[in-house]
Amino acid sequence: EKFKATQGSSVTLRCQVSGSPPHYFFWTRLDGQPITNSAERLKQGAELYFPSVRLADSGIYVCTCRDQRSTNRSHAEIIVEGGPAKPIVV
């Protein structure tokens with residue numbers, strides 16, 4: 001799934017699961033970069049919430065979900081676009 005967002009807006013990534021609970025969620029970036037400290041893990045880790053995305057948050061995120069029987073992964077991409085240019089006061 002791809003999410004386009006303007007810099008400064010909020011984004012929520014959701015990990016879809018099936019199977020028997022309990023589920024354990026782990027979020028990583030495909031490029032190996034650390035996930036920004038401003039991102040919050042919600043709903044026992046099933047959601048990754050960015051209250052104010054930055055250009056550096058652009059990338060592919062991987063949710064790994066484990067339950068008693070299996071491990072599943074899903075991917076989501078955030079594409080952050082620059083916000084409107086600030087006016088120049090002369």
# chains A, B, ... in the order shown; residues from 1 in each chain; ligands from 1
>>> residues_around(residues="Lys2 (chain A)", least_positions_apart="3", cutoff="12 Å", atoms="only C-alpha atoms", output="VMD selection string")
chain A and resid 5 11 to 14 58 to 61 74 to 80
>>> select_by_dssp(residues="chain A", states="strand (DSSP E or B)", output="tab-separated table (two decimals) with N, CA and C atoms, in the first residue's frame")
chain	number	residue	atom	x	y	z
A	2	LYS	N	0.49	2.28	-0.73
A	2	LYS	CA	1.24	3.53	-0.78
A	2	LYS	C	0.40	4.65	-0.17
A	3	PHE	N	1.07	5.47	0.62
A	3	PHE	CA	0.43	6.62	1.23
A	3	PHE	C	1.19	7.86	0.82
A	4	LYS	N	0.50	8.81	0.18
A	4	LYS	CA	1.11	10.10	-0.14
A	4	LYS	C	0.66	11.08	0.93
A	5	ALA	N	1.61	11.82	1.47
A	5	ALA	CA	1.30	12.77	2.53
A	5	ALA	C	2.10	14.04	2.33
A	6	THR	N	1.53	15.15	2.75
A	6	THR	CA	2.23	16.42	2.73
A	6	THR	C	3.02	16.55	4.02
A	11	VAL	N	0.05	10.49	9.50
A	11	VAL	CA	-0.12	9.25	8.74
A	11	VAL	C	-0.21	8.10	9.73
A	12	THR	N	-1.13	7.17	9.48
A	12	THR	CA	-1.24	5.96	10.29
A	12	THR	C	-1.10	4.74	9.38
A	13	LEU	N	-0.12	3.89	9.69
A	13	LEU	CA	0.04	2.62	8.98
A	13	LEU	C	-0.59	1.54	9.83
A	14	ARG	N	-1.36	0.65	9.21
A	14	ARG	CA	-2.04	-0.42	9.94
A	14	ARG	C	-1.56	-1.77	9.44
A	24	TYR	N	1.96	-10.49	18.00
A	24	TYR	CA	3.10	-9.65	18.36
A	24	TYR	C	3.55	-8.91	17.11
A	25	PHE	N	3.66	-7.58	17.20
A	25	PHE	CA	3.96	-6.75	16.04
A	25	PHE	C	5.33	-6.12	16.17
A	26	PHE	N	6.05	-6.08	15.06
A	26	PHE	CA	7.36	-5.44	14.99
A	26	PHE	C	7.39	-4.60	13.73
A	27	TRP	N	7.75	-3.33	13.84
A	27	TRP	CA	7.85	-2.43	12.70
A	27	TRP	C	9.31	-2.13	12.40
A	28	THR	N	9.67	-2.19	11.13
A	28	THR	CA	11.01	-1.84	10.68
A	28	THR	C	10.90	-1.08	9.36
A	29	ARG	N	12.02	-0.50	8.94
A	29	ARG	CA	12.09	0.11	7.61
A	29	ARG	C	12.85	-0.83	6.71
A	40	GLU	N	4.59	6.77	16.85
A	40	GLU	CA	4.03	6.07	18.01
A	40	GLU	C	3.43	4.74	17.57
A	41	ARG	N	3.64	3.73	18.39
A	41	ARG	CA	3.02	2.43	18.14
A	41	ARG	C	1.73	2.35	18.93
A	42	LEU	N	0.62	2.13	18.22
A	42	LEU	CA	-0.71	2.11	18.84
A	42	LEU	C	-1.35	0.74	18.67
A	47	GLU	N	-0.58	-0.56	14.85
A	47	GLU	CA	-0.56	0.67	14.07
A	47	GLU	C	0.71	1.45	14.37
A	48	LEU	N	1.22	2.09	13.34
A	48	LEU	CA	2.36	2.98	13.47
A	48	LEU	C	1.86	4.37	13.07
A	49	TYR	N	1.85	5.29	14.04
A	49	TYR	CA	1.26	6.61	13.85
A	49	TYR	C	2.34	7.68	13.81
A	50	PHE	N	2.33	8.48	12.76
A	50	PHE	CA	3.24	9.61	12.61
A	50	PHE	C	2.40	10.88	12.78
A	59	GLY	N	9.60	6.29	2.85
A	59	GLY	CA	10.24	4.98	2.74
A	59	GLY	C	9.23	3.86	2.84
A	60	ILE	N	9.75	2.64	2.77
A	60	ILE	CA	8.91	1.45	2.87
A	60	ILE	C	9.04	0.88	4.27
A	61	TYR	N	7.91	0.69	4.92
A	61	TYR	CA	7.84	0.16	6.28
A	61	TYR	C	7.32	-1.27	6.23
A	62	VAL	N	7.89	-2.10	7.09
A	62	VAL	CA	7.53	-3.52	7.13
A	62	VAL	C	6.95	-3.83	8.50
A	63	CYS	N	5.75	-4.39	8.49
A	63	CYS	CA	5.14	-4.88	9.73
A	63	CYS	C	5.29	-6.39	9.75
A	64	THR	N	5.94	-6.89	10.79
A	64	THR	CA	6.06	-8.33	10.99
A	64	THR	C	5.11	-8.70	12.13
A	65	CYS	N	4.21	-9.62	11.85
A	65	CYS	CA	3.24	-10.06	12.85
A	65	CYS	C	3.45	-11.54	13.13
A	66	ARG	N	3.60	-11.84	14.40
A	66	ARG	CA	3.77	-13.24	14.80
A	66	ARG	C	2.62	-13.65	15.71
A	71	THR	N	4.36	-16.49	11.09
A	71	THR	CA	4.89	-15.13	10.98
A	71	THR	C	4.49	-14.58	9.62
A	72	ASN	N	3.91	-13.40	9.60
A	72	ASN	CA	3.50	-12.76	8.34
A	72	ASN	C	4.08	-11.36	8.28
A	73	ARG	N	4.35	-10.90	7.06
A	73	ARG	CA	4.87	-9.56	6.86
A	73	ARG	C	4.01	-8.81	5.85
A	74	SER	N	3.84	-7.53	6.09
A	74	SER	CA	3.17	-6.67	5.12
A	74	SER	C	4.00	-5.40	4.97
A	75	HIS	N	3.89	-4.77	3.80
A	75	HIS	CA	4.67	-3.58	3.49
A	75	HIS	C	3.74	-2.41	3.22
A	76	ALA	N	4.20	-1.22	3.59
A	76	ALA	CA	3.49	0.01	3.27
A	76	ALA	C	4.53	1.08	2.98
A	77	GLU	N	4.25	1.90	1.98
A	77	GLU	CA	5.19	2.96	1.60
A	77	GLU	C	4.60	4.32	1.91
A	78	ILE	N	5.41	5.17	2.52
A	78	ILE	CA	5.03	6.56	2.76
A	78	ILE	C	5.84	7.42	1.80
A	79	ILE	N	5.14	8.26	1.05
A	79	ILE	CA	5.79	9.22	0.16
A	79	ILE	C	5.43	10.60	0.70
A	80	VAL	N	6.42	11.29	1.27
A	80	VAL	CA	6.18	12.61	1.85
A	80	VAL	C	6.58	13.67	0.83
A	81	GLU	N	5.63	14.53	0.54
A	81	GLU	CA	5.87	15.62	-0.40
A	81	GLU	C	6.02	16.92	0.38
>>> closest_residue(among="A:Gly82, A:Ser9, A:His23, A:Arg69", to="Ala46 (chain A)", atoms="only C-alpha atoms")
A:His23
>>> closest_residue(among="A:Val17, A:Glu1, A:Pro22, A:Ser38", to="Arg54 (chain A)", atoms="only C-alpha atoms")
A:Ser38
>>> atom_distance(atom1="CA of Asp57 (chain A)", atom2="CA of Asp31 (chain A)")
11.5 Å
>>> closest_residue(among="A:Pro21, A:Gln44, A:Val53, A:Leu30", to="Asp67 (chain A)", atoms="only C-alpha atoms")
A:Pro21
